[in-house]
file final_20.tsv (TSV, N, CA and C atoms)
chain	number	residue	atom	x	y	z
A	53	GLN	N	-19.54	-89.70	-5.05
A	53	GLN	CA	-19.17	-88.32	-5.32
A	53	GLN	C	-19.63	-87.44	-4.17
A	54	VAL	N	-18.70	-86.67	-3.65
A	54	VAL	CA	-19.01	-85.81	-2.52
A	54	VAL	C	-19.89	-84.64	-2.97
A	55	GLN	N	-20.95	-84.42	-2.23
A	55	GLN	CA	-21.82	-83.28	-2.48
A	55	GLN	C	-22.02	-82.51	-1.18
A	56	LEU	N	-22.01	-81.20	-1.30
A	56	LEU	CA	-22.31	-80.32	-0.19
A	56	LEU	C	-23.50	-79.46	-0.59
A	57	VAL	N	-24.51	-79.45	0.24
A	57	VAL	CA	-25.72	-78.69	-0.08
A	57	VAL	C	-25.97	-77.68	1.04
A	58	GLU	N	-25.94	-76.40	0.68
A	58	GLU	CA	-26.18	-75.34	1.64
A	58	GLU	C	-27.65	-74.92	1.64
A	59	SER	N	-28.08	-74.40	2.75
A	59	SER	CA	-29.41	-73.82	2.85
A	59	SER	C	-29.40	-72.81	3.99
A	60	GLY	N	-30.46	-72.03	4.07
A	60	GLY	CA	-30.62	-71.11	5.19
A	60	GLY	C	-30.36	-69.66	4.89
A	61	GLY	N	-29.92	-69.36	3.68
A	61	GLY	CA	-29.70	-67.96	3.34
A	61	GLY	C	-31.00	-67.20	3.23
A	62	GLY	N	-30.89	-65.89	3.09
A	62	GLY	CA	-32.08	-65.07	2.95
A	62	GLY	C	-31.76	-63.61	3.14
A	63	SER	N	-32.82	-62.82	3.28
A	63	SER	CA	-32.68	-61.38	3.47
A	63	SER	C	-33.10	-61.01	4.88
A	64	VAL	N	-32.26	-60.26	5.56
A	64	VAL	CA	-32.56	-59.82	6.92
A	64	VAL	C	-32.15	-58.36	7.08
A	65	GLN	N	-32.69	-57.75	8.11
A	65	GLN	CA	-32.30	-56.39	8.43
A	65	GLN	C	-31.03	-56.41	9.28
A	66	PRO	N	-30.29	-55.32	9.28
A	66	PRO	CA	-29.11	-55.24	10.15
A	66	PRO	C	-29.48	-55.56	11.59
A	67	GLY	N	-28.62	-56.35	12.23
A	67	GLY	CA	-28.89	-56.81	13.58
A	67	GLY	C	-29.61	-58.13	13.65
A	68	GLY	N	-30.08	-58.61	12.51
A	68	GLY	CA	-30.80	-59.87	12.47
A	68	GLY	C	-29.88	-61.07	12.49
A	69	SER	N	-30.49	-62.24	12.45
A	69	SER	CA	-29.75	-63.50	12.51
A	69	SER	C	-30.20	-64.45	11.42
A	70	LEU	N	-29.29	-65.31	11.04
A	70	LEU	CA	-29.57	-66.41	10.12
A	70	LEU	C	-28.73	-67.60	10.55
A	71	ARG	N	-29.21	-68.79	10.23
A	71	ARG	CA	-28.40	-69.99	10.44
A	71	ARG	C	-28.29	-70.72	9.12
A	72	LEU	N	-27.07	-70.85	8.65
A	72	LEU	CA	-26.80	-71.60	7.43
A	72	LEU	C	-26.51	-73.05	7.76
A	73	SER	N	-26.91	-73.94	6.86
A	73	SER	CA	-26.65	-75.36	7.01
A	73	SER	C	-25.90	-75.87	5.79
A	74	CYS	N	-25.06	-76.85	6.03
A	74	CYS	CA	-24.31	-77.50	4.94
A	74	CYS	C	-24.32	-78.99	5.21
A	75	THR	N	-25.02	-79.72	4.37
A	75	THR	CA	-25.15	-81.17	4.53
A	75	THR	C	-24.29	-81.89	3.51
A	76	ALA	N	-23.48	-82.80	3.99
A	76	ALA	CA	-22.56	-83.54	3.13
A	76	ALA	C	-23.11	-84.93	2.82
A	77	SER	N	-22.83	-85.38	1.60
A	77	SER	CA	-23.19	-86.73	1.21
A	77	SER	C	-22.10	-87.26	0.28
A	78	GLY	N	-22.09	-88.57	0.13
A	78	GLY	CA	-21.13	-89.19	-0.76
A	78	GLY	C	-19.70	-89.17	-0.25
A	79	LEU	N	-19.54	-88.96	1.04
A	79	LEU	CA	-18.19	-88.92	1.59
A	79	LEU	C	-17.52	-90.29	1.53
A	80	THR	N	-16.27	-90.30	1.14
A	80	THR	CA	-15.52	-91.56	1.09
A	80	THR	C	-15.02	-91.96	2.47
A	81	TYR	N	-14.68	-90.95	3.27
A	81	TYR	CA	-14.14	-91.18	4.61
A	81	TYR	C	-15.14	-90.69	5.65
A	82	THR	N	-14.82	-90.91	6.90
A	82	THR	CA	-15.74	-90.48	7.95
A	82	THR	C	-15.93	-88.97	7.92
A	83	TYR	N	-17.11	-88.54	8.31
A	83	TYR	CA	-17.46	-87.12	8.26
A	83	TYR	C	-16.47	-86.29	9.04
A	84	THR	N	-16.05	-86.79	10.19
A	84	THR	CA	-15.18	-86.00	11.06
A	84	THR	C	-13.74	-85.94	10.60
A	85	SER	N	-13.40	-86.66	9.55
A	85	SER	CA	-12.01	-86.64	9.08
A	85	SER	C	-11.75	-85.55	8.04
A	86	TYR	N	-12.78	-84.79	7.72
A	86	TYR	CA	-12.64	-83.71	6.75
A	86	TYR	C	-12.50	-82.36	7.46
A	87	TYR	N	-11.83	-81.45	6.80
A	87	TYR	CA	-11.85	-80.05	7.19
A	87	TYR	C	-13.09	-79.43	6.52
A	88	TYR	N	-13.73	-78.52	7.25
A	88	TYR	CA	-14.90	-77.84	6.70
A	88	TYR	C	-14.74	-76.34	6.86
A	89	GLY	N	-15.32	-75.64	5.91
A	89	GLY	CA	-15.24	-74.19	6.00
A	89	GLY	C	-16.42	-73.52	5.36
A	90	TRP	N	-16.69	-72.32	5.82
A	90	TRP	CA	-17.61	-71.41	5.16
A	90	TRP	C	-16.80	-70.26	4.60
A	91	PHE	N	-17.07	-69.96	3.35
A	91	PHE	CA	-16.44	-68.83	2.68
A	91	PHE	C	-17.56	-67.96	2.11
A	92	ARG	N	-17.22	-66.73	1.80
A	92	ARG	CA	-18.22	-65.87	1.18
A	92	ARG	C	-17.56	-65.04	0.09
A	93	GLN	N	-18.39	-64.62	-0.83
A	93	GLN	CA	-17.90	-63.81	-1.93
A	93	GLN	C	-18.96	-62.81	-2.34
A	94	ALA	N	-18.59	-61.54	-2.26
A	94	ALA	CA	-19.47	-60.47	-2.70
A	94	ALA	C	-19.11	-60.11	-4.14
A	95	PRO	N	-20.02	-59.53	-4.88
A	95	PRO	CA	-19.73	-59.16	-6.27
A	95	PRO	C	-18.49	-58.29	-6.37
A	96	GLY	N	-17.58	-58.67	-7.25
A	96	GLY	CA	-16.36	-57.90	-7.45
A	96	GLY	C	-15.29	-58.10	-6.41
A	97	GLU	N	-15.56	-58.99	-5.45
A	97	GLU	CA	-14.60	-59.23	-4.38
A	97	GLU	C	-14.04	-60.65	-4.48
A	98	GLU	N	-12.92	-60.85	-3.78
A	98	GLU	CA	-12.36	-62.20	-3.72
A	98	GLU	C	-13.11	-63.02	-2.67
A	99	ARG	N	-13.05	-64.33	-2.84
A	99	ARG	CA	-13.66	-65.20	-1.86
A	99	ARG	C	-12.86	-65.12	-0.57
A	100	GLU	N	-13.56	-65.01	0.55
A	100	GLU	CA	-12.88	-64.87	1.82
A	100	GLU	C	-13.40	-65.87	2.84
A	101	VAL	N	-12.55	-66.16	3.80
A	101	VAL	CA	-12.89	-67.10	4.87
A	101	VAL	C	-13.90	-66.46	5.81
A	102	VAL	N	-14.87	-67.26	6.21
A	102	VAL	CA	-15.85	-66.83	7.21
A	102	VAL	C	-15.68	-67.63	8.50
A	103	ALA	N	-15.52	-68.94	8.36
A	103	ALA	CA	-15.36	-69.79	9.53
A	103	ALA	C	-14.80	-71.13	9.08
A	104	LEU	N	-13.93	-71.71	9.89
A	104	LEU	CA	-13.30	-72.98	9.55
A	104	LEU	C	-13.35	-73.93	10.74
A	105	MET	N	-13.46	-75.22	10.42
A	105	MET	CA	-13.40	-76.25	11.45
A	105	MET	C	-12.44	-77.34	10.97
A	106	ALA	N	-11.43	-77.60	11.75
A	106	ALA	CA	-10.46	-78.62	11.37
A	106	ALA	C	-11.05	-80.01	11.55
A	107	ALA	N	-10.41	-80.98	10.91
A	107	ALA	CA	-10.81	-82.37	11.08
A	107	ALA	C	-10.82	-82.73	12.56
A	108	GLY	N	-11.86	-83.43	12.99
A	108	GLY	CA	-11.98	-83.76	14.40
A	108	GLY	C	-12.37	-82.60	15.28
A	109	ALA	N	-12.65	-81.45	14.65
A	109	ALA	CA	-13.05	-80.24	15.37
A	109	ALA	C	-12.02	-79.83	16.41
A	110	GLU	N	-10.75	-80.16	16.17
A	110	GLU	CA	-9.71	-79.83	17.13
A	110	GLU	C	-9.41	-78.34	17.18
A	111	ARG	N	-9.78	-77.62	16.17
A	111	ARG	CA	-9.62	-76.18	16.19
A	111	ARG	C	-10.64	-75.55	15.24
A	112	THR	N	-10.97	-74.31	15.55
A	112	THR	CA	-11.83	-73.52	14.69
A	112	THR	C	-11.17	-72.17	14.46
A	113	TYR	N	-11.65	-71.49	13.45
A	113	TYR	CA	-11.09	-70.19	13.12
A	113	TYR	C	-12.19	-69.26	12.64
A	114	TYR	N	-12.13	-68.03	13.11
A	114	TYR	CA	-13.02	-66.98	12.64
A	114	TYR	C	-12.18	-65.73	12.41
A	115	PRO	N	-12.33	-65.08	11.29
A	115	PRO	CA	-11.61	-63.82	11.08
A	115	PRO	C	-12.19	-62.74	11.99
A	116	ASP	N	-11.45	-61.69	12.17
A	116	ASP	CA	-11.87	-60.59	13.05
A	116	ASP	C	-13.23	-60.03	12.63
A	117	SER	N	-13.50	-60.06	11.34
A	117	SER	CA	-14.73	-59.43	10.84
A	117	SER	C	-16.00	-60.12	11.35
A	118	VAL	N	-15.90	-61.39	11.76
A	118	VAL	CA	-17.10	-62.10	12.20
A	118	VAL	C	-16.97	-62.69	13.60
A	119	ARG	N	-15.76	-62.65	14.16
A	119	ARG	CA	-15.55	-63.27	15.48
A	119	ARG	C	-16.46	-62.62	16.51
A	120	GLY	N	-17.10	-63.44	17.30
A	120	GLY	CA	-18.05	-62.97	18.30
A	120	GLY	C	-19.47	-62.84	17.79
A	121	ARG	N	-19.64	-62.89	16.48
A	121	ARG	CA	-20.99	-62.81	15.89
A	121	ARG	C	-21.40	-64.12	15.22
A	122	PHE	N	-20.43	-64.84	14.66
A	122	PHE	CA	-20.70	-66.08	13.95
A	122	PHE	C	-20.17	-67.24	14.78
A	123	ALA	N	-20.82	-68.39	14.67
A	123	ALA	CA	-20.38	-69.57	15.40
A	123	ALA	C	-20.71	-70.84	14.63
A	124	LEU	N	-19.75	-71.74	14.61
A	124	LEU	CA	-19.92	-73.04	13.96
A	124	LEU	C	-20.45	-74.07	14.96
A	125	SER	N	-21.23	-74.98	14.43
A	125	SER	CA	-21.60	-76.18	15.18
A	125	SER	C	-21.87	-77.27	14.16
A	126	ARG	N	-22.01	-78.48	14.64
A	126	ARG	CA	-22.28	-79.55	13.67
A	126	ARG	C	-23.05	-80.68	14.32
A	127	ASP	N	-23.73	-81.40	13.47
A	127	ASP	CA	-24.45	-82.62	13.85
A	127	ASP	C	-23.79	-83.74	13.06
A	128	ILE	N	-22.99	-84.52	13.74
A	128	ILE	CA	-22.21	-85.55	13.06
A	128	ILE	C	-23.12	-86.59	12.43
A	129	GLU	N	-24.16	-87.00	13.15
A	129	GLU	CA	-25.07	-88.02	12.60
A	129	GLU	C	-25.72	-87.55	11.32
A	130	MET	N	-26.07	-86.25	11.28
A	130	MET	CA	-26.73	-85.69	10.11
A	130	MET	C	-25.73	-85.21	9.07
A	131	ARG	N	-24.44	-85.28	9.39
A	131	ARG	CA	-23.39	-84.82	8.50
A	131	ARG	C	-23.64	-83.38	8.07
A	132	THR	N	-24.02	-82.59	9.02
A	132	THR	CA	-24.40	-81.21	8.74
A	132	THR	C	-23.58	-80.25	9.59
A	133	LEU	N	-23.06	-79.24	8.93
A	133	LEU	CA	-22.33	-78.16	9.56
A	133	LEU	C	-23.22	-76.93	9.56
A	134	TYR	N	-23.27	-76.25	10.68
A	134	TYR	CA	-24.11	-75.06	10.81
A	134	TYR	C	-23.24	-73.82	11.02
A	135	LEU	N	-23.72	-72.72	10.51
A	135	LEU	CA	-23.10	-71.43	10.77
A	135	LEU	C	-24.17	-70.50	11.31
A	136	GLN	N	-24.13	-70.25	12.61
A	136	GLN	CA	-25.05	-69.31	13.22
A	136	GLN	C	-24.49	-67.91	13.06
A	137	MET	N	-25.26	-67.04	12.46
A	137	MET	CA	-24.80	-65.67	12.20
A	137	MET	C	-25.72	-64.70	12.93
A	138	ASN	N	-25.16	-64.00	13.87
A	138	ASN	CA	-25.93	-63.03	14.67
A	138	ASN	C	-25.43	-61.62	14.41
A	139	ASN	N	-26.25	-60.66	14.78
A	139	ASN	CA	-25.90	-59.25	14.62
A	139	ASN	C	-25.35	-58.97	13.22
A	140	LEU	N	-26.10	-59.41	12.24
A	140	LEU	CA	-25.64	-59.27	10.86
A	140	LEU	C	-25.54	-57.81	10.45
A	141	LYS	N	-24.56	-57.55	9.61
A	141	LYS	CA	-24.29	-56.19	9.13
A	141	LYS	C	-24.40	-56.16	7.61
A	142	PRO	N	-24.63	-54.99	7.04
A	142	PRO	CA	-24.71	-54.92	5.57
A	142	PRO	C	-23.47	-55.47	4.88
A	143	GLU	N	-22.31	-55.32	5.50
A	143	GLU	CA	-21.08	-55.83	4.89
A	143	GLU	C	-20.99	-57.35	4.92
A	144	ASP	N	-21.92	-58.01	5.57
A	144	ASP	CA	-21.98	-59.48	5.53
A	144	ASP	C	-22.70	-59.98	4.28
A	145	THR	N	-23.27	-59.08	3.51
A	145	THR	CA	-23.98	-59.47	2.30
A	145	THR	C	-23.03	-60.12	1.30
A	146	ALA	N	-23.36	-61.34	0.89
A	146	ALA	CA	-22.51	-62.09	-0.03
A	146	ALA	C	-23.16	-63.42	-0.33
A	147	MET	N	-22.57	-64.13	-1.28
A	147	MET	CA	-22.92	-65.53	-1.49
A	147	MET	C	-22.03	-66.33	-0.54
A	148	TYR	N	-22.65	-67.21	0.22
A	148	TYR	CA	-21.92	-68.03	1.19
A	148	TYR	C	-21.79	-69.45	0.67
A	149	TYR	N	-20.56	-69.96	0.75
A	149	TYR	CA	-20.27	-71.29	0.24
A	149	TYR	C	-19.71	-72.18	1.36
A	150	CYS	N	-20.14	-73.41	1.34
A	150	CYS	CA	-19.59	-74.43	2.21
A	150	CYS	C	-18.53	-75.19	1.43
A	151	ALA	N	-17.46	-75.58	2.11
A	151	ALA	CA	-16.38	-76.30	1.45
A	151	ALA	C	-15.84	-77.37	2.37
A	152	ALA	N	-15.22	-78.38	1.76
A	152	ALA	CA	-14.63	-79.46	2.53
A	152	ALA	C	-13.34	-79.90	1.89
A	153	ALA	N	-12.44	-80.40	2.73
A	153	ALA	CA	-11.17	-80.90	2.25
A	153	ALA	C	-10.80	-82.14	3.04
A	154	ARG	N	-10.29	-83.15	2.36
A	154	ARG	CA	-9.90	-84.38	3.04
A	154	ARG	C	-8.43	-84.33	3.45
A	155	ALA	N	-7.62	-83.62	2.71
A	155	ALA	CA	-6.18	-83.58	2.99
A	155	ALA	C	-5.91	-82.79	4.26
A	156	SER	N	-4.82	-83.11	4.91
A	156	SER	CA	-4.40	-82.34	6.08
A	156	SER	C	-4.05	-80.92	5.66
A	157	LEU	N	-4.50	-79.97	6.45
A	157	LEU	CA	-4.25	-78.56	6.16
A	157	LEU	C	-3.54	-77.93	7.36
A	158	PRO	N	-2.24	-78.12	7.46
A	158	PRO	CA	-1.50	-77.63	8.62
A	158	PRO	C	-1.30	-76.12	8.59
A	159	GLY	N	-1.05	-75.58	9.75
A	159	GLY	CA	-0.74	-74.16	9.86
A	159	GLY	C	-1.83	-73.30	9.26
A	160	ASN	N	-1.42	-72.33	8.46
A	160	ASN	CA	-2.37	-71.40	7.87
A	160	ASN	C	-2.87	-71.83	6.49
A	161	THR	N	-2.49	-73.03	6.07
A	161	THR	CA	-2.92	-73.47	4.74
A	161	THR	C	-4.44	-73.60	4.66
A	162	TRP	N	-5.06	-73.84	5.80
A	162	TRP	CA	-6.51	-74.01	5.77
A	162	TRP	C	-7.26	-72.71	5.50
A	163	LEU	N	-6.57	-71.59	5.52
A	163	LEU	CA	-7.19	-70.31	5.21
A	163	LEU	C	-7.36	-70.11	3.71
A	164	ASN	N	-6.69	-70.92	2.92
A	164	ASN	CA	-6.68	-70.76	1.47
A	164	ASN	C	-7.83	-71.52	0.84
A	165	PRO	N	-8.78	-70.84	0.20
A	165	PRO	CA	-9.91	-71.54	-0.42
A	165	PRO	C	-9.47	-72.59	-1.44
A	166	GLN	N	-8.34	-72.36	-2.06
A	166	GLN	CA	-7.90	-73.29	-3.09
A	166	GLN	C	-7.51	-74.65	-2.54
A	167	ARG	N	-7.35	-74.74	-1.22
A	167	ARG	CA	-7.00	-76.02	-0.62
A	167	ARG	C	-8.22	-76.91	-0.37
A	168	TYR	N	-9.40	-76.37	-0.65
A	168	TYR	CA	-10.62	-77.13	-0.43
A	168	TYR	C	-11.10	-77.73	-1.74
A	169	THR	N	-11.34	-79.02	-1.71
A	169	THR	CA	-11.67	-79.77	-2.93
A	169	THR	C	-13.15	-79.71	-3.28
A	170	TYR	N	-13.97	-79.74	-2.26
A	170	TYR	CA	-15.41	-79.88	-2.48
A	170	TYR	C	-16.13	-78.60	-2.08
A	171	TRP	N	-17.07	-78.20	-2.93
A	171	TRP	CA	-17.80	-76.95	-2.72
A	171	TRP	C	-19.29	-77.14	-2.95
A	172	GLY	N	-20.08	-76.42	-2.18
A	172	GLY	CA	-21.51	-76.37	-2.42
A	172	GLY	C	-21.83	-75.32	-3.47
A	173	GLN	N	-23.12	-75.21	-3.75
A	173	GLN	CA	-23.56	-74.29	-4.80
A	173	GLN	C	-23.71	-72.86	-4.31
A	174	GLY	N	-23.71	-72.69	-3.00
A	174	GLY	CA	-23.81	-71.36	-2.43
A	174	GLY	C	-25.22	-71.00	-2.01
A	175	THR	N	-25.32	-70.13	-1.02
A	175	THR	CA	-26.60	-69.60	-0.57
A	175	THR	C	-26.43	-68.11	-0.31
A	176	GLN	N	-27.36	-67.32	-0.80
A	176	GLN	CA	-27.23	-65.87	-0.75
A	176	GLN	C	-27.69	-65.33	0.60
A	177	VAL	N	-26.88	-64.45	1.15
A	177	VAL	CA	-27.23	-63.72	2.37
A	177	VAL	C	-27.22	-62.24	2.04
A	178	THR	N	-28.34	-61.59	2.31
A	178	THR	CA	-28.47	-60.16	2.04
A	178	THR	C	-28.90	-59.46	3.32
A	179	VAL	N	-28.12	-58.47	3.72
A	179	VAL	CA	-28.43	-57.71	4.93
A	179	VAL	C	-28.64	-56.26	4.53
A	180	SER	N	-29.86	-55.79	4.67
A	180	SER	CA	-30.16	-54.41	4.31
A	180	SER	C	-31.41	-53.96	5.04
A	181	SER	N	-31.53	-52.66	5.17
A	181	SER	CA	-32.70	-52.09	5.82
A	181	SER	C	-33.70	-51.61	4.77
call {"tool": "encode", "arguments": {"input": "final_20.tsv", "output": "structure tokens"}}
result
Amino acid sequence: QVQLVESGGGSVQPGGSLRLSCTASGLTYTYTSYYYGWFRQAPGEEREVVALMAAGAERTYYPDSVRGRFALSRDIEMRTLYLQMNNLKPEDTAMYYCAAARASLPGNTWLNPQRYTYWGQGTQVTVSS
């Protein structure tokens, strides 16, 4: 059974940094054959894309709201995906979720959270002064 475990959330002041981790276990296929994503959801809001990495890391995606501030990286041996978040803003406050999908997600389908099969439990990020 695939499990994704997030860590690294917390409370920071505006302009601060955090690094989130997502460690996968129970994968049926090789780690690099999955699509991975970070999504976030604030109270009363819809879940939104934060960062995506395609299978094989052939492409990544960041929405305008985080591009230039957030960056993905991964440790294949550790089966861990990282999200480095810099220059955090109050509007970044949300529960952050890691997700994975084994199916091919062509075009813009990978932007849709519903296309991701596996989800972590979430880690809270709070940015306030």
call {"tool": "atom_distance", "arguments": {"input": "final_20.tsv", "atom1": "atom C of A:Asn138", "atom2": "atom CA of A:Glu100"}}
result
18.1 Å
call {"tool": "residues_around", "arguments": {"input": "final_20.tsv", "residues": "stretch 70-77 of chain A", "least_positions_apart": "3", "cutoff": "8 Å", "atoms": "only N, CA and C atoms", "output": "PyMOL selection string"}}
result
chain A and resi 53-62+64+67+80+130-140+149-151+172
call {"tool": "select_by_dssp", "arguments": {"input": "final_20.tsv", "residues": "chain A", "states": "strand (DSSP E or B)", "output": "short mmCIF file (atom, residue, chain, number, x, y, z; two decimals) with N, CA and C atoms, in the coordinates of the input"}}
result
data_model
loop_
_atom_site.label_atom_id
_atom_site.label_comp_id
_atom_site.auth_asym_id
_atom_site.auth_seq_id
_atom_site.Cartn_x
_atom_site.Cartn_y
_atom_site.Cartn_z
N GLN A 55 -20.95 -84.42 -2.23
CA GLN A 55 -21.82 -83.28 -2.48
C GLN A 55 -22.02 -82.51 -1.18
N LEU A 56 -22.01 -81.20 -1.30
CA LEU A 56 -22.31 -80.32 -0.19
C LEU A 56 -23.50 -79.46 -0.59
N VAL A 57 -24.51 -79.45 0.24
CA VAL A 57 -25.72 -78.69 -0.08
C VAL A 57 -25.97 -77.68 1.04
N GLU A 58 -25.94 -76.40 0.68
CA GLU A 58 -26.18 -75.34 1.64
C GLU A 58 -27.65 -74.92 1.64
N SER A 59 -28.08 -74.40 2.75
CA SER A 59 -29.41 -73.82 2.85
C SER A 59 -29.40 -72.81 3.99
N GLY A 62 -30.89 -65.89 3.09
CA GLY A 62 -32.08 -65.07 2.95
C GLY A 62 -31.76 -63.61 3.14
N SER A 63 -32.82 -62.82 3.28
CA SER A 63 -32.68 -61.38 3.47
C SER A 63 -33.10 -61.01 4.88
N VAL A 64 -32.26 -60.26 5.56
CA VAL A 64 -32.56 -59.82 6.92
C VAL A 64 -32.15 -58.36 7.08
N LEU A 70 -29.29 -65.31 11.04
CA LEU A 70 -29.57 -66.41 10.12
C LEU A 70 -28.73 -67.60 10.55
N ARG A 71 -29.21 -68.79 10.23
CA ARG A 71 -28.40 -69.99 10.44
C ARG A 71 -28.29 -70.72 9.12
N LEU A 72 -27.07 -70.85 8.65
CA LEU A 72 -26.80 -71.60 7.43
C LEU A 72 -26.51 -73.05 7.76
N SER A 73 -26.91 -73.94 6.86
CA SER A 73 -26.65 -75.36 7.01
C SER A 73 -25.90 -75.87 5.79
N CYS A 74 -25.06 -76.85 6.03
CA CYS A 74 -24.31 -77.50 4.94
C CYS A 74 -24.32 -78.99 5.21
N THR A 75 -25.02 -79.72 4.37
CA THR A 75 -25.15 -81.17 4.53
C THR A 75 -24.29 -81.89 3.51
N ALA A 76 -23.48 -82.80 3.99
CA ALA A 76 -22.56 -83.54 3.13
C ALA A 76 -23.11 -84.93 2.82
N SER A 77 -22.83 -85.38 1.60
CA SER A 77 -23.19 -86.73 1.21
C SER A 77 -22.10 -87.26 0.28
N TYR A 87 -11.83 -81.45 6.80
CA TYR A 87 -11.85 -80.05 7.19
C TYR A 87 -13.09 -79.43 6.52
N TYR A 88 -13.73 -78.52 7.25
CA TYR A 88 -14.90 -77.84 6.70
C TYR A 88 -14.74 -76.34 6.86
N GLY A 89 -15.32 -75.64 5.91
CA GLY A 89 -15.24 -74.19 6.00
C GLY A 89 -16.42 -73.52 5.36
N TRP A 90 -16.69 -72.32 5.82
CA TRP A 90 -17.61 -71.41 5.16
C TRP A 90 -16.80 -70.26 4.60
N PHE A 91 -17.07 -69.96 3.35
CA PHE A 91 -16.44 -68.83 2.68
C PHE A 91 -17.56 -67.96 2.11
N ARG A 92 -17.22 -66.73 1.80
CA ARG A 92 -18.22 -65.87 1.18
C ARG A 92 -17.56 -65.04 0.09
N GLN A 93 -18.39 -64.62 -0.83
CA GLN A 93 -17.90 -63.81 -1.93
C GLN A 93 -18.96 -62.81 -2.34
N GLU A 100 -13.56 -65.01 0.55
CA GLU A 100 -12.88 -64.87 1.82
C GLU A 100 -13.40 -65.87 2.84
N VAL A 101 -12.55 -66.16 3.80
CA VAL A 101 -12.89 -67.10 4.87
C VAL A 101 -13.90 -66.46 5.81
N VAL A 102 -14.87 -67.26 6.21
CA VAL A 102 -15.85 -66.83 7.21
C VAL A 102 -15.68 -67.63 8.50
N ALA A 103 -15.52 -68.94 8.36
CA ALA A 103 -15.36 -69.79 9.53
C ALA A 103 -14.80 -71.13 9.08
N LEU A 104 -13.93 -71.71 9.89
CA LEU A 104 -13.30 -72.98 9.55
C LEU A 104 -13.35 -73.93 10.74
N MET A 105 -13.46 -75.22 10.42
CA MET A 105 -13.40 -76.25 11.45
C MET A 105 -12.44 -77.34 10.97
N THR A 112 -10.97 -74.31 15.55
CA THR A 112 -11.83 -73.52 14.69
C THR A 112 -11.17 -72.17 14.46
N TYR A 113 -11.65 -71.49 13.45
CA TYR A 113 -11.09 -70.19 13.12
C TYR A 113 -12.19 -69.26 12.64
N ARG A 119 -15.76 -62.65 14.16
CA ARG A 119 -15.55 -63.27 15.48
C ARG A 119 -16.46 -62.62 16.51
N PHE A 122 -20.43 -64.84 14.66
CA PHE A 122 -20.70 -66.08 13.95
C PHE A 122 -20.17 -67.24 14.78
N ALA A 123 -20.82 -68.39 14.67
CA ALA A 123 -20.38 -69.57 15.40
C ALA A 123 -20.71 -70.84 14.63
N LEU A 124 -19.75 -71.74 14.61
CA LEU A 124 -19.92 -73.04 13.96
C LEU A 124 -20.45 -74.07 14.96
N SER A 125 -21.23 -74.98 14.43
CA SER A 125 -21.60 -76.18 15.18
C SER A 125 -21.87 -77.27 14.16
N ARG A 126 -22.01 -78.48 14.64
CA ARG A 126 -22.28 -79.55 13.67
C ARG A 126 -23.05 -80.68 14.32
N ASP A 127 -23.73 -81.40 13.47
CA ASP A 127 -24.45 -82.62 13.85
C ASP A 127 -23.79 -83.74 13.06
N THR A 132 -24.02 -82.59 9.02
CA THR A 132 -24.40 -81.21 8.74
C THR A 132 -23.58 -80.25 9.59
N LEU A 133 -23.06 -79.24 8.93
CA LEU A 133 -22.33 -78.16 9.56
C LEU A 133 -23.22 -76.93 9.56
N TYR A 134 -23.27 -76.25 10.68
CA TYR A 134 -24.11 -75.06 10.81
C TYR A 134 -23.24 -73.82 11.02
N LEU A 135 -23.72 -72.72 10.51
CA LEU A 135 -23.10 -71.43 10.77
C LEU A 135 -24.17 -70.50 11.31
N GLN A 136 -24.13 -70.25 12.61
CA GLN A 136 -25.05 -69.31 13.22
C GLN A 136 -24.49 -67.91 13.06
N MET A 137 -25.26 -67.04 12.46
CA MET A 137 -24.80 -65.67 12.20
C MET A 137 -25.72 -64.70 12.93
N ALA A 146 -23.36 -61.34 0.89
CA ALA A 146 -22.51 -62.09 -0.03
C ALA A 146 -23.16 -63.42 -0.33
N MET A 147 -22.57 -64.13 -1.28
CA MET A 147 -22.92 -65.53 -1.49
C MET A 147 -22.03 -66.33 -0.54
N TYR A 148 -22.65 -67.21 0.22
CA TYR A 148 -21.92 -68.03 1.19
C TYR A 148 -21.79 -69.45 0.67
N TYR A 149 -20.56 -69.96 0.75
CA TYR A 149 -20.27 -71.29 0.24
C TYR A 149 -19.71 -72.18 1.36
N CYS A 150 -20.14 -73.41 1.34
CA CYS A 150 -19.59 -74.43 2.21
C CYS A 150 -18.53 -75.19 1.43
N ALA A 151 -17.46 -75.58 2.11
CA ALA A 151 -16.38 -76.30 1.45
C ALA A 151 -15.84 -77.37 2.37
N ALA A 152 -15.22 -78.38 1.76
CA ALA A 152 -14.63 -79.46 2.53
C ALA A 152 -13.34 -79.90 1.89
N ALA A 153 -12.44 -80.40 2.73
CA ALA A 153 -11.17 -80.90 2.25
C ALA A 153 -10.80 -82.14 3.04
N TYR A 170 -13.97 -79.74 -2.26
CA TYR A 170 -15.41 -79.88 -2.48
C TYR A 170 -16.13 -78.60 -2.08
N TRP A 171 -17.07 -78.20 -2.93
CA TRP A 171 -17.80 -76.95 -2.72
C TRP A 171 -19.29 -77.14 -2.95
N THR A 175 -25.32 -70.13 -1.02
CA THR A 175 -26.60 -69.60 -0.57
C THR A 175 -26.43 -68.11 -0.31
N GLN A 176 -27.36 -67.32 -0.80
CA GLN A 176 -27.23 -65.87 -0.75
C GLN A 176 -27.69 -65.33 0.60
N VAL A 177 -26.88 -64.45 1.15
CA VAL A 177 -27.23 -63.72 2.37
C VAL A 177 -27.22 -62.24 2.04
N THR A 178 -28.34 -61.59 2.31
CA THR A 178 -28.47 -60.16 2.04
C THR A 178 -28.90 -59.46 3.32
N VAL A 179 -28.12 -58.47 3.72
CA VAL A 179 -28.43 -57.71 4.93
C VAL A 179 -28.64 -56.26 4.53
#
call {"tool": "closest_residue", "arguments": {"input": "final_20.tsv", "among": "A:Ser63, A:Thr84, A:Ser69, A:Thr112", "to": "A:Asn160", "atoms": "only C-alpha atoms"}}
result
A:Thr112
call {"tool": "atom_distance", "arguments": {"input": "final_20.tsv", "atom1": "atom C of A:Ala103", "atom2": "atom C of A:Tyr88"}}
result
5.7 Å
call {"tool": "residues_around", "arguments": {"input": "final_20.tsv", "residues": "stretch 107-109 of chain A", "least_positions_apart": "2", "cutoff": "12 Å", "atoms": "only C-alpha atoms", "output": "list in words"}}
result
Tyr81, Thr82, Tyr83, Thr84, Ser85, Tyr86, Tyr87, Tyr88, Gly89, Leu104, Met105, Arg111, Thr112, Tyr113, Leu124, Ser125, Arg126, Asp127, Ile128, Leu133, Ala152, Ala153, Arg154, Ala155, Ser156, Leu157, Pro158 and Trp162 of chain A
